[in-house]
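A.B. asks: Here you go, this is protein.cif (mmCIF, C-alpha atoms).
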data_structure
loop_
_atom_site.label_atom_id
_atom_site.label_comp_id
_atom_site.auth_asym_id
_atom_site.auth_seq_id
_atom_site.Cartn_x
_atom_site.Cartn_y
_atom_site.Cartn_z
CA MET F 1 179.82 -75.63 183.71
CA ALA F 2 181.51 -72.51 182.37
CA THR F 3 181.42 -74.00 178.88
CA ALA F 4 177.67 -74.66 179.18
CA ILE F 5 177.03 -71.08 180.28
CA SER F 6 179.21 -69.77 177.49
CA THR F 7 177.38 -71.91 174.93
CA ASP F 8 173.97 -70.77 176.19
CA ASP F 9 175.08 -67.12 176.10
CA ALA F 10 176.34 -67.54 172.54
CA LEU F 11 173.00 -69.11 171.56
CA ARG F 12 171.12 -66.23 173.20
CA LYS F 13 173.18 -63.57 171.42
CA ARG F 14 172.94 -65.34 168.06
CA THR F 15 169.21 -65.86 168.33
CA LEU F 16 168.33 -62.36 169.51
CA LYS F 17 170.56 -60.82 166.84
CA LYS F 18 168.64 -62.73 164.15
CA VAL F 19 165.29 -61.78 165.68
CA THR F 20 166.28 -58.12 165.96
CA TRP F 21 167.45 -57.83 162.37
CA ARG F 22 164.49 -59.79 161.03
CA LEU F 23 161.67 -58.01 162.88
CA VAL F 24 162.66 -54.61 164.28
CA PRO F 25 163.64 -52.77 161.06
CA PHE F 26 160.46 -53.96 159.35
CA LEU F 27 158.24 -53.08 162.33
CA GLY F 28 160.00 -49.72 162.55
CA LEU F 29 159.23 -49.09 158.89
CA LEU F 30 155.57 -49.88 159.54
CA TYR F 31 155.48 -47.42 162.43
CA PHE F 32 157.33 -44.82 160.35
CA ILE F 33 154.48 -44.93 157.83
CA ASN F 34 151.89 -45.11 160.60
CA TYR F 35 153.15 -42.04 162.43
CA LEU F 36 153.64 -40.12 159.19
CA ASP F 37 150.05 -40.79 158.08
CA ARG F 38 148.54 -39.69 161.39
CA THR F 39 150.65 -36.52 161.79
CA ASN F 40 151.14 -35.27 158.21
CA ILE F 41 148.04 -33.16 158.80
CA GLY F 42 150.43 -30.95 160.81
CA PHE F 43 152.05 -29.97 157.51
CA ALA F 44 148.86 -29.94 155.51
CA GLY F 45 147.36 -27.25 157.80
CA PRO F 46 149.85 -24.42 157.23
CA GLY F 47 150.55 -25.84 153.76
CA GLY F 48 147.17 -24.74 152.37
CA MET F 49 144.61 -27.09 153.90
CA SER F 50 143.47 -24.67 156.63
CA GLU F 51 143.00 -21.95 154.02
CA ASP F 52 141.26 -24.21 151.47
CA LEU F 53 138.88 -25.73 154.03
CA LYS F 54 138.54 -22.49 156.07
CA LEU F 55 139.82 -23.98 159.34
CA SER F 56 140.56 -21.86 162.42
CA ALA F 57 143.33 -22.99 164.79
CA THR F 58 140.68 -24.60 167.00
CA ALA F 59 139.05 -26.37 164.02
CA PHE F 60 142.46 -27.59 162.91
CA GLY F 61 143.06 -28.92 166.42
CA ILE F 62 139.74 -30.81 166.29
CA ALA F 63 140.61 -32.28 162.89
CA SER F 64 144.00 -33.38 164.22
CA GLY F 65 142.62 -34.84 167.42
CA VAL F 66 139.35 -36.49 166.33
CA PHE F 67 141.51 -39.31 164.95
CA PHE F 68 142.12 -40.45 168.52
CA ILE F 69 138.44 -40.78 169.40
CA GLY F 70 137.98 -43.53 166.83
CA TYR F 71 141.34 -44.92 167.87
CA LEU F 72 140.28 -45.08 171.53
CA LEU F 73 136.97 -46.83 170.89
CA LEU F 74 138.47 -49.94 169.25
CA GLU F 75 141.94 -50.15 170.79
CA VAL F 76 141.26 -52.90 173.35
CA PRO F 77 139.03 -55.07 171.08
CA SER F 78 141.60 -54.78 168.29
CA ASN F 79 144.47 -55.89 170.52
CA MET F 80 142.46 -58.82 171.85
CA ALA F 81 141.79 -59.83 168.24
CA LEU F 82 145.52 -59.69 167.51
CA HIS F 83 146.20 -61.93 170.52
CA LYS F 84 143.57 -64.40 169.27
CA PHE F 85 144.14 -64.41 165.49
CA GLY F 86 147.87 -63.64 165.35
CA ALA F 87 149.92 -60.56 164.51
CA ARG F 88 150.56 -61.50 160.88
CA ARG F 89 146.90 -61.42 159.84
CA TRP F 90 145.76 -58.60 162.08
CA ILE F 91 148.59 -56.13 161.44
CA ALA F 92 148.23 -56.74 157.69
CA ARG F 93 144.50 -55.92 157.94
CA ILE F 94 145.19 -52.73 159.89
CA LEU F 95 147.80 -51.49 157.40
CA VAL F 96 145.70 -52.03 154.28
CA SER F 97 142.58 -50.41 155.75
CA TRP F 98 144.37 -47.34 157.10
CA GLY F 99 146.36 -46.91 153.87
CA ILE F 100 143.17 -46.78 151.81
CA ILE F 101 141.55 -44.22 154.12
CA ALA F 102 144.73 -42.11 154.40
CA ALA F 103 144.92 -41.88 150.60
CA LEU F 104 141.21 -41.02 150.30
CA MET F 105 141.73 -38.05 152.65
CA SER F 106 143.19 -36.26 149.65
CA PHE F 107 139.64 -35.78 148.30
CA VAL F 108 137.87 -34.27 151.35
CA PRO F 109 135.80 -31.27 150.17
CA SER F 110 135.08 -29.61 153.53
CA ALA F 111 135.95 -29.46 157.23
CA GLY F 112 133.10 -31.85 158.06
CA TRP F 113 134.41 -34.47 155.67
CA LEU F 114 137.92 -33.97 157.06
CA TYR F 115 136.64 -34.65 160.59
CA THR F 116 134.90 -37.79 159.35
CA ALA F 117 137.95 -39.05 157.47
CA ARG F 118 140.23 -38.51 160.46
CA PHE F 119 137.77 -40.29 162.77
CA VAL F 120 137.56 -43.30 160.44
CA LEU F 121 141.34 -43.30 160.04
CA GLY F 122 141.59 -43.66 163.82
CA ILE F 123 139.24 -46.64 163.75
CA ALA F 124 141.30 -48.27 160.99
CA GLU F 125 144.58 -47.77 162.86
CA ALA F 126 143.24 -48.90 166.26
CA GLY F 127 145.35 -51.65 167.74
CA PHE F 128 148.42 -51.14 165.59
CA PHE F 129 150.83 -49.64 168.13
CA PRO F 130 149.79 -51.70 171.19
CA GLY F 131 149.71 -54.71 168.88
CA ILE F 132 153.37 -54.18 168.01
CA ILE F 133 154.27 -53.64 171.70
CA LEU F 134 152.47 -56.91 172.52
CA TYR F 135 154.15 -58.63 169.57
CA LEU F 136 157.59 -57.62 170.85
CA THR F 137 156.80 -59.37 174.17
CA TYR F 138 156.45 -62.62 172.18
CA TRP F 139 159.99 -62.32 170.82
CA PHE F 140 162.19 -60.42 173.32
CA PRO F 141 162.92 -61.39 176.95
CA LYS F 142 162.33 -58.66 179.53
CA ARG F 143 166.01 -57.81 179.90
CA GLU F 144 166.19 -56.97 176.18
CA ARG F 145 162.81 -55.30 175.79
CA ALA F 146 163.61 -51.60 176.25
CA LYS F 147 166.29 -51.71 173.55
CA ALA F 148 163.95 -53.51 171.14
CA THR F 149 161.15 -51.04 171.91
CA ALA F 150 163.49 -48.08 171.43
CA LEU F 151 164.71 -49.38 168.09
CA PHE F 152 161.11 -49.81 166.97
CA MET F 153 160.11 -46.38 168.29
CA LEU F 154 162.98 -44.67 166.50
CA ALA F 155 160.34 -44.49 163.78
CA ILE F 156 158.64 -41.62 165.68
CA PRO F 157 161.48 -39.09 165.49
CA LEU F 158 162.68 -40.43 162.14
CA SER F 159 159.21 -40.12 160.61
CA THR F 160 159.31 -36.43 161.49
CA ALA F 161 163.03 -35.87 160.88
CA LEU F 162 162.81 -37.48 157.44
CA GLY F 163 159.09 -37.14 156.78
CA SER F 164 158.98 -33.40 157.48
CA PRO F 165 161.25 -32.33 154.61
CA VAL F 166 159.76 -35.03 152.36
CA SER F 167 156.24 -33.80 153.08
CA GLY F 168 157.37 -30.25 152.44
CA LEU F 169 158.93 -31.22 149.11
CA ILE F 170 155.83 -33.18 148.05
CA MET F 171 153.57 -30.23 148.78
CA ALA F 172 155.91 -27.72 147.16
CA HIS F 173 156.55 -29.68 143.95
CA GLY F 174 153.38 -31.76 143.75
CA HIS F 175 151.00 -28.79 143.79
CA GLU F 176 148.60 -29.19 140.83
CA ALA F 177 151.02 -31.71 139.28
CA PHE F 178 148.61 -34.66 139.63
CA PHE F 179 145.06 -34.15 138.31
CA GLY F 180 145.24 -30.57 139.56
CA LEU F 181 145.39 -31.61 143.23
CA ALA F 182 146.63 -29.05 145.74
CA GLY F 183 149.99 -29.90 147.27
CA TRP F 184 148.52 -31.02 150.61
CA ARG F 185 146.01 -33.28 148.84
CA PHE F 186 148.76 -34.85 146.75
CA MET F 187 150.76 -35.46 149.94
CA PHE F 188 147.86 -37.35 151.59
CA LEU F 189 147.44 -39.48 148.46
CA LEU F 190 151.11 -40.30 147.99
CA GLU F 191 151.83 -41.04 151.67
CA GLY F 192 148.84 -43.38 152.02
CA VAL F 193 149.97 -45.84 149.35
CA PRO F 194 152.99 -47.36 151.21
CA ALA F 195 150.73 -48.61 154.02
CA ILE F 196 148.69 -50.65 151.53
CA ILE F 197 151.82 -52.18 149.97
CA LEU F 198 153.42 -52.98 153.34
CA GLY F 199 150.16 -54.50 154.59
CA ILE F 200 150.28 -57.02 151.75
CA ILE F 201 153.95 -57.77 152.51
CA CYS F 202 153.08 -58.34 156.20
CA TRP F 203 150.97 -61.37 155.31
CA TRP F 204 154.07 -63.28 154.16
CA PHE F 205 156.86 -61.62 156.13
CA LEU F 206 155.74 -61.68 159.78
CA THR F 207 155.79 -64.79 161.97
CA ASP F 208 153.37 -65.06 164.89
CA ARG F 209 155.52 -66.93 167.42
CA PRO F 210 159.15 -68.16 167.72
CA ARG F 211 158.09 -71.81 167.35
CA GLU F 212 156.90 -71.01 163.81
CA ALA F 213 160.04 -69.13 162.74
CA LYS F 214 161.57 -71.20 159.97
CA TRP F 215 164.16 -68.47 159.51
CA LEU F 216 165.66 -69.50 162.88
CA ALA F 217 167.73 -72.65 163.34
CA ALA F 218 166.05 -75.46 165.28
CA ASP F 219 168.09 -74.86 168.45
CA GLU F 220 167.41 -71.11 168.23
CA ARG F 221 163.66 -71.66 167.86
CA ALA F 222 163.58 -74.06 170.79
CA TRP F 223 165.69 -71.80 173.04
CA LEU F 224 163.68 -68.63 172.33
CA GLN F 225 160.27 -70.26 172.66
CA ARG F 226 161.35 -71.86 175.95
CA GLN F 227 162.60 -68.50 177.24
CA MET F 228 159.38 -66.73 176.36
CA ASP F 229 157.16 -69.51 177.75
CA ASP F 230 159.13 -69.59 181.02
CA GLU F 231 158.96 -65.80 181.41
CA GLU F 232 155.22 -65.69 180.71
CA ALA F 233 154.57 -68.53 183.17
CA LEU F 234 156.67 -66.82 185.87
CA THR F 235 154.95 -63.45 185.37
CA ALA F 236 151.51 -65.08 185.44
CA SER F 237 152.33 -66.99 188.65
CA GLU F 238 153.80 -63.94 190.43
CA TYR F 239 151.15 -61.37 189.51
CA HIS F 240 148.22 -63.29 187.98
CA VAL F 241 146.60 -60.38 186.12
CA PRO F 242 143.96 -61.77 183.69
CA ALA F 243 142.38 -59.62 180.99
CA TRP F 244 139.39 -58.45 183.04
CA LYS F 245 141.59 -57.63 186.03
CA SER F 246 144.08 -55.65 183.96
CA LEU F 247 141.26 -53.44 182.70
CA ALA F 248 140.21 -52.67 186.29
CA SER F 249 143.72 -52.37 187.74
CA GLY F 250 144.49 -49.05 189.41
CA ARG F 251 148.14 -49.48 188.49
CA VAL F 252 147.29 -49.94 184.81
CA TRP F 253 145.16 -46.78 184.87
CA ALA F 254 147.92 -44.87 186.67
CA LEU F 255 150.42 -45.97 184.01
CA ALA F 256 147.89 -44.82 181.42
CA LEU F 257 148.03 -41.33 183.00
CA VAL F 258 151.83 -41.41 182.83
CA TYR F 259 151.64 -42.30 179.18
CA PHE F 260 148.99 -39.61 178.65
CA GLY F 261 151.35 -36.94 179.97
CA ILE F 262 154.26 -38.00 177.78
CA VAL F 263 152.10 -38.46 174.68
CA TYR F 264 150.46 -35.07 175.32
CA GLY F 265 153.83 -33.46 174.76
CA LEU F 266 154.57 -35.62 171.74
CA TYR F 267 151.39 -34.83 169.83
CA ALA F 268 151.14 -31.18 170.81
CA ILE F 269 154.55 -30.55 169.34
CA SER F 270 154.09 -32.95 166.40
CA PHE F 271 150.90 -31.29 165.18
CA PHE F 272 151.73 -27.67 165.98
CA LEU F 273 155.50 -27.32 165.58
CA PRO F 274 155.20 -26.51 161.84
CA SER F 275 152.68 -23.79 162.73
CA ILE F 276 154.91 -22.50 165.54
CA ILE F 277 157.85 -22.29 163.13
CA SER F 278 155.65 -20.48 160.61
CA ASP F 279 154.75 -18.02 163.39
CA PHE F 280 158.45 -17.09 163.70
CA LYS F 281 157.74 -14.68 160.84
CA GLU F 282 155.58 -12.53 163.08
CA ARG F 283 157.38 -13.23 166.35
CA PHE F 284 160.98 -12.83 165.18
CA ASN F 285 160.56 -11.14 161.78
CA THR F 286 161.82 -14.17 159.84
CA ASP F 287 160.43 -15.79 156.71
CA PHE F 288 160.83 -19.50 155.87
CA SER F 289 159.58 -21.38 152.83
CA ILE F 290 157.48 -24.52 153.30
CA VAL F 291 160.55 -26.66 152.55
CA GLU F 292 162.62 -24.72 155.10
CA VAL F 293 159.85 -25.18 157.70
CA GLY F 294 160.06 -28.92 157.05
CA LEU F 295 163.82 -28.96 157.53
CA ILE F 296 163.68 -26.90 160.74
CA ASN F 297 160.84 -29.07 162.05
CA ALA F 298 163.06 -32.13 161.57
CA ILE F 299 165.84 -30.89 163.89
CA PRO F 300 164.26 -31.66 167.32
CA PHE F 301 163.17 -35.12 166.21
CA ALA F 302 166.58 -35.92 164.73
CA CYS F 303 168.08 -35.05 168.12
CA GLY F 304 165.50 -37.29 169.79
CA ALA F 305 166.41 -40.19 167.51
CA LEU F 306 170.09 -39.83 168.43
CA VAL F 307 169.64 -40.07 172.20
CA MET F 308 166.67 -42.42 172.75
CA TRP F 309 168.52 -45.59 171.72
CA PHE F 310 171.42 -44.94 174.10
CA TRP F 311 169.06 -44.05 176.95
CA ALA F 312 167.01 -47.24 176.48
CA ARG F 313 170.18 -49.31 176.21
CA HIS F 314 171.36 -47.84 179.51
CA GLY F 315 168.01 -48.73 181.07
CA ASP F 316 168.34 -52.36 179.99
CA LYS F 317 171.95 -52.52 181.16
CA THR F 318 171.18 -51.20 184.64
CA GLY F 319 167.73 -52.79 184.96
CA GLU F 320 166.42 -49.51 186.42
CA ARG F 321 163.07 -48.41 184.97
CA VAL F 322 161.40 -45.65 186.99
CA TRP F 323 164.03 -42.89 186.75
CA HIS F 324 164.73 -43.71 183.12
CA VAL F 325 161.17 -42.53 182.49
CA ALA F 326 160.99 -39.79 185.11
CA ILE F 327 164.25 -37.90 184.45
CA PRO F 328 163.74 -37.17 180.71
CA THR F 329 160.06 -36.42 181.33
CA LEU F 330 160.98 -33.85 184.01
CA ILE F 331 163.53 -32.25 181.68
CA SER F 332 160.87 -31.90 178.99
CA ALA F 333 158.37 -30.50 181.50
CA VAL F 334 160.82 -27.70 182.34
CA ALA F 335 162.21 -27.05 178.85
CA ILE F 336 159.00 -26.43 176.91
CA PRO F 337 157.55 -23.53 179.00
CA ILE F 338 160.94 -21.77 178.94
CA THR F 339 160.65 -21.49 175.13
CA THR F 340 158.08 -18.76 175.69
CA PHE F 341 160.83 -16.49 177.07
CA MET F 342 163.24 -16.94 174.17
CA ASN F 343 164.02 -14.04 171.84
CA SER F 344 165.34 -15.82 168.75
CA PRO F 345 164.44 -18.81 166.54
CA PHE F 346 167.77 -20.46 167.41
CA THR F 347 167.34 -20.48 171.21
CA THR F 348 163.70 -21.49 170.82
CA MET F 349 164.61 -24.49 168.69
CA VAL F 350 167.43 -25.48 171.09
CA LEU F 351 164.90 -25.78 173.90
CA VAL F 352 162.35 -27.52 171.66
CA SER F 353 165.10 -30.00 170.75
CA ILE F 354 165.85 -30.67 174.43
CA PHE F 355 162.12 -31.14 174.96
CA ALA F 356 161.90 -33.60 172.05
CA MET F 357 164.87 -35.61 173.35
CA GLY F 358 163.19 -35.93 176.74
CA VAL F 359 159.91 -37.06 175.18
CA MET F 360 161.60 -39.68 173.02
CA CYS F 361 163.65 -41.05 175.93
CA GLY F 362 160.57 -41.22 178.14
CA LEU F 363 158.58 -43.06 175.48
CA ALA F 364 161.38 -45.53 174.73
CA THR F 365 161.72 -46.59 178.38
CA PHE F 366 158.05 -46.51 179.39
CA TRP F 367 156.71 -49.77 177.95
CA PRO F 368 158.85 -52.16 180.03
CA LEU F 369 156.86 -50.90 183.06
CA PRO F 370 153.42 -52.39 182.16
CA THR F 371 154.84 -55.46 180.41
CA ALA F 372 156.88 -56.33 183.52
CA PHE F 373 153.76 -57.56 185.35
CA LEU F 374 151.24 -58.24 182.53
CA SER F 375 151.25 -61.41 180.44
CA GLY F 376 149.06 -63.29 177.96
CA ALA F 377 145.55 -61.92 177.47
CA GLY F 378 146.13 -59.60 180.44
CA ALA F 379 149.01 -58.00 178.54
CA ALA F 380 146.90 -57.70 175.39
CA ALA F 381 144.11 -55.91 177.27
CA GLY F 382 146.32 -53.89 179.64
CA VAL F 383 148.75 -52.63 176.99
CA ALA F 384 145.83 -51.64 174.77
CA LEU F 385 144.12 -49.82 177.65
CA VAL F 386 147.29 -47.91 178.57
CA ASN F 387 147.83 -46.95 174.95
CA SER F 388 144.21 -45.97 174.31
CA ILE F 389 143.86 -43.83 177.45
CA GLY F 390 147.30 -42.37 176.89
CA ASN F 391 146.47 -41.55 173.31
CA THR F 392 143.42 -39.51 174.27
CA ALA F 393 146.19 -36.93 174.62
CA GLY F 394 146.28 -37.09 170.84
CA PHE F 395 142.86 -35.43 170.89
CA PHE F 396 143.28 -33.08 173.84
CA ALA F 397 146.79 -31.86 173.01
CA PRO F 398 146.09 -30.40 169.55
CA TYR F 399 142.61 -29.23 170.57
CA ILE F 400 143.78 -27.42 173.73
CA THR F 401 146.87 -26.04 172.00
CA GLY F 402 144.72 -24.78 169.13
CA PHE F 403 142.05 -23.39 171.46
CA VAL F 404 144.63 -21.51 173.53
CA LYS F 405 146.20 -20.09 170.40
CA THR F 406 142.83 -19.02 168.97
CA THR F 407 141.77 -17.45 172.29
CA THR F 408 145.01 -15.67 173.16
CA GLY F 409 146.56 -15.19 169.72
CA SER F 410 149.74 -16.88 170.98
CA SER F 411 151.12 -20.42 171.39
CA ASN F 412 152.70 -19.56 174.77
CA GLY F 413 149.85 -20.74 176.99
CA GLY F 414 149.78 -24.08 175.23
CA MET F 415 153.46 -24.61 176.08
CA TRP F 416 152.72 -24.23 179.79
CA VAL F 417 149.91 -26.79 179.56
CA ILE F 418 152.32 -29.24 177.89
CA GLY F 419 154.81 -28.74 180.72
CA ALA F 420 152.11 -29.36 183.34
CA ALA F 421 150.99 -32.60 181.64
CA MET F 422 154.54 -33.94 181.55
CA LEU F 423 155.21 -32.91 185.15
CA MET F 424 152.14 -34.91 186.17
CA ALA F 425 153.52 -37.95 184.32
CA ALA F 426 156.88 -37.74 186.07
CA ILE F 427 155.32 -37.42 189.53
CA ILE F 428 153.02 -40.41 189.02
CA VAL F 429 155.73 -42.74 187.69
CA ILE F 430 157.98 -41.91 190.65
CA ALA F 431 155.12 -42.55 193.07
CA LEU F 432 154.25 -45.90 191.45
CA GLY F 433 157.71 -47.45 191.46
CA ALA F 434 158.81 -50.19 189.10
CA LEU F 435 156.59 -53.14 190.07
CA PRO F 436 153.43 -53.95 192.04
CA LYS F 437 153.40 -56.45 194.88
CA LYS F 438 153.57 -60.07 193.88
CA LYS F 439 150.51 -62.26 194.15
CA ASN F 440 151.97 -63.91 197.25
CA GLY F 441 152.11 -60.51 198.95
CA LEU F 442 155.87 -60.19 199.06
CA ASP F 443 157.18 -56.74 198.26
CA VAL F 444 159.13 -56.36 195.03
CA PRO F 445 162.04 -53.91 194.88
CA GLN F 446 160.78 -50.63 193.47
CA GLY F 447 163.98 -49.40 191.78
#
Please, can you express the file's structure as structure tokens?
C.D. replies:
Amino acid sequence: MATAISTDDALRKRTLKKVTWRLVPFLGLLYFINYLDRTNIGFAGPGGMSEDLKLSATAFGIASGVFFIGYLLLEVPSNMALHKFGARRWIARILVSWGIIAALMSFVPSAGWLYTARFVLGIAEAGFFPGIILYLTYWFPKRERAKATALFMLAIPLSTALGSPVSGLIMAHGHEAFFGLAGWRFMFLLEGVPAIILGIICWWFLTDRPREAKWLAADERAWLQRQMDDEEALTASEYHVPAWKSLASGRVWALALVYFGIVYGLYAISFFLPSIISDFKERFNTDFSIVEVGLINAIPFACGALVMWFWARHGDKTGERVWHVAIPTLISAVAIPITTFMNSPFTTMVLVSIFAMGVMCGLATFWPLPTAFLSGAGAAAGVALVNSIGNTAGFFAPYITGFVKTTTGSSNGGMWVIGAAMLMAAIIVIALGALPKKKNGLDVPQG
């Protein structure tokens, strides 16, 4: 008996190790490019775009956030299409279409065209992130899911930690070096191309389901597919949440509000941190070059990348989900308003780094909550709904932050709004607990 258990455990470890190394680095690379293409406008703004297109802080916030309106409109239909047609085809389509549009943004002649391009970019990218979250549920059992999600989502802080200085260098050294394009235009063009290339690679590299994975041994394929089928059947029998019901579920909408609060902090700081650092010149009498702004901007996200993996791993090890989301979210909610009282760039960036670590840890451990009770088409619809509602923060965060800055002449008020949004998220996730009641009416432990 002990030998059988040992053999099964060895098979599990061997199989999941192969799956992790085959899929997660590639998916992380895709998300690296995805997040870079949607947030590089944060560098383009203070890097000359706002001046060239005559954008106020509010107009810049609209340009940053209008992406998420198009994103919201097609998120659920896109994820249902992925569930029906398979991840390989659908993710490839998303990558190629967004890469083309991201590159074409380099030629926008006015604010109106910028709004249009960002809106269409959101439509093109719709379904990518929830599609990957759904895809991971096809390959990783629940007990392994937070670690896999965290590894994938390392792309968020890494895209800023690495992408920030790269974007700064491209703008600094690419200015008028390519057909006379301004540095920010050249950055849009150059950073859009990898998505097109990776989209083509997706068609051959990704595998829809474990049963089709020729890169796994026969016993590994059979074991993993059996595990995933058994888990999906058990989840469906315990909770029975079909697609239509997941879209109307109060719990799904409440989780969407939790995600909204965390994502509000993520996008507010992602879009406006370069501008905040640039404002250090007036606030603290400092002066940083565009490359130095990129390097400083990378610090909080590098810190986030360091801690999120260990936090998610701890969550999987203990099996506890609620407080692994709530604790880092509460820390971020407190840290970001305190930055308004700091009197030096160093102390400000220390608190921003603590804030970023909390955001990253909250994001990494959030997704096991909805996928614990959603399966099949219900998971496709529910995950997409949570992500789409949550990502409306991508519109409101830069718009409100920009509006507050335009109205008051300071970023301080926006920091307090970020703290309030994240406090709301922490309160709701604590109130919800880990799982709903089972279909048979028996209470499930809420830890």
A.B. asks: Find, counting all atoms listed in the file, the residue in F:Gly409, F:Gly86, F:Gly304, F:Gly48 that gets nearest to F:Leu158.
C.D. replies: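 So, comparing all the options, the nearest one is F:Gly304.
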A.B. asks: Enumerate, as a PyMOL selection string, the residues matched when the PyMOL selection byres ((chain F and resi 77-84) around 10) is run on the file above.
C.D. replies: chain F and resi 71+73-76+85-91+94+123-132+134-135+208+243+376-385
A.B. asks: For this file, the PyMOL selection byres ((chain F and resi 413) around 10) selects which residues, as a list in words?
C.D. replies: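 For this structure, the PyMOL selection byres ((chain F and resi 413) around 10) resolves to Pro337, Thr340, Ile400, Thr401, Phe403, Val404, Lys405, Thr407, Thr408, Gly409, Ser410, Ser411, Asn412, Gly414, Met415, Trp416, Val417 and Ile418 of chain F.
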A.B. asks: How would you write, as a PyMOL selection string, the residues chosen by the PyMOL selection byres ((chain F and resi 118) around 12) on this structure?
C.D. replies: chain F and resi 37-41+60-71+98+101-106+108+111-117+119-125+188+395
A.B. asks: For C-alpha atoms, I'd like the residues from the last selection saved as a PDB file, in the coordinates of the input.
C.D. replies:
ATOM      1  CA  ASP F  37     150.050 -40.790 158.080  1.00  0.00           C
ATOM      2  CA  ARG F  38     148.540 -39.690 161.390  1.00  0.00           C
ATOM      3  CA  THR F  39     150.650 -36.520 161.790  1.00  0.00           C
ATOM      4  CA  ASN F  40     151.140 -35.270 158.210  1.00  0.00           C
ATOM      5  CA  ILE F  41     148.040 -33.160 158.800  1.00  0.00           C
ATOM      6  CA  PHE F  60     142.460 -27.590 162.910  1.00  0.00           C
ATOM      7  CA  GLY F  61     143.060 -28.920 166.420  1.00  0.00           C
ATOM      8  CA  ILE F  62     139.740 -30.810 166.290  1.00  0.00           C
ATOM      9  CA  ALA F  63     140.610 -32.280 162.890  1.00  0.00           C
ATOM     10  CA  SER F  64     144.000 -33.380 164.220  1.00  0.00           C
ATOM     11  CA  GLY F  65     142.620 -34.840 167.420  1.00  0.00           C
ATOM     12  CA  VAL F  66     139.350 -36.490 166.330  1.00  0.00           C
ATOM     13  CA  PHE F  67     141.510 -39.310 164.950  1.00  0.00           C
ATOM     14  CA  PHE F  68     142.120 -40.450 168.520  1.00  0.00           C
ATOM     15  CA  ILE F  69     138.440 -40.780 169.400  1.00  0.00           C
ATOM     16  CA  GLY F  70     137.980 -43.530 166.830  1.00  0.00           C
ATOM     17  CA  TYR F  71     141.340 -44.920 167.870  1.00  0.00           C
ATOM     18  CA  TRP F  98     144.370 -47.340 157.100  1.00  0.00           C
ATOM     19  CA  ILE F 101     141.550 -44.220 154.120  1.00  0.00           C
ATOM     20  CA  ALA F 102     144.730 -42.110 154.400  1.00  0.00           C
ATOM     21  CA  ALA F 103     144.920 -41.880 150.600  1.00  0.00           C
ATOM     22  CA  LEU F 104     141.210 -41.020 150.300  1.00  0.00           C
ATOM     23  CA  MET F 105     141.730 -38.050 152.650  1.00  0.00           C
ATOM     24  CA  SER F 106     143.190 -36.260 149.650  1.00  0.00           C
ATOM     25  CA  VAL F 108     137.870 -34.270 151.350  1.00  0.00           C
ATOM     26  CA  ALA F 111     135.950 -29.460 157.230  1.00  0.00           C
ATOM     27  CA  GLY F 112     133.100 -31.850 158.060  1.00  0.00           C
ATOM     28  CA  TRP F 113     134.410 -34.470 155.670  1.00  0.00           C
ATOM     29  CA  LEU F 114     137.920 -33.970 157.060  1.00  0.00           C
ATOM     30  CA  TYR F 115     136.640 -34.650 160.590  1.00  0.00           C
ATOM     31  CA  THR F 116     134.900 -37.790 159.350  1.00  0.00           C
ATOM     32  CA  ALA F 117     137.950 -39.050 157.470  1.00  0.00           C
ATOM     33  CA  PHE F 119     137.770 -40.290 162.770  1.00  0.00           C
ATOM     34  CA  VAL F 120     137.560 -43.300 160.440  1.00  0.00           C
ATOM     35  CA  LEU F 121     141.340 -43.300 160.040  1.00  0.00           C
ATOM     36  CA  GLY F 122     141.590 -43.660 163.820  1.00  0.00           C
ATOM     37  CA  ILE F 123     139.240 -46.640 163.750  1.00  0.00           C
ATOM     38  CA  ALA F 124     141.300 -48.270 160.990  1.00  0.00           C
ATOM     39  CA  GLU F 125     144.580 -47.770 162.860  1.00  0.00           C
ATOM     40  CA  PHE F 188     147.860 -37.350 151.590  1.00  0.00           C
ATOM     41  CA  PHE F 395     142.860 -35.430 170.890  1.00  0.00           C
TER      42      PHE F 395
END
A.B. asks: If we count all atoms listed in the file, what is near stretch 180-182 of chain F at a cut-off of 10 Å, once residues fewer than 6 positions away on the same chain are taken out, given as a short mmCIF file (atom, residue, chain, number, x, y, z; two decimals) with C-alpha atoms, in the coordinates of the input?
C.D. replies:
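Output saved as result_9.cif:
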data_model
loop_
_atom_site.label_atom_id
_atom_site.label_comp_id
_atom_site.auth_asym_id
_atom_site.auth_seq_id
_atom_site.Cartn_x
_atom_site.Cartn_y
_atom_site.Cartn_z
CA GLY F 47 150.55 -25.84 153.76
CA GLY F 48 147.17 -24.74 152.37
CA MET F 49 144.61 -27.09 153.90
CA ASP F 52 141.26 -24.21 151.47
CA SER F 106 143.19 -36.26 149.65
CA PHE F 107 139.64 -35.78 148.30
CA MET F 171 153.57 -30.23 148.78
CA ALA F 172 155.91 -27.72 147.16
CA GLY F 174 153.38 -31.76 143.75
CA LEU F 189 147.44 -39.48 148.46
#
A.B. asks: If you measure from atom CA of F:Arg93 to atom CA of F:Gly199, what distance in Å do you get, rounded to one decimal?
C.D. replies: 6.7 Å
A.B. asks: So, with all atoms listed in the file as the atoms that count, which of F:Val166, F:Val19, F:Ile354, F:Leu247 lies closest to F:Ile299?
C.D. replies: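 Closest residue, counting all atoms listed in the file: F:Ile354.
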A.B. asks: So which one's closest to F:Thr392, F:Phe284, F:Pro370, F:Ile430, F:Leu257? Using all atoms listed in the file, please.
C.D. replies: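 Smallest separation from F:Thr392 among the options: F:Leu257.
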A.B. asks: How big is the axis-aligned box around all listed atoms of stretch 281-285 of chain F once 4 Å goes on each side, and where's its centre, in Å to one decimal, as AutoDock Vina command-line options?
C.D. replies:
--center_x 158.3 --center_y -12.9 --center_z 163.6 --size_x 13.4 --size_y 11.5 --size_z 13.5
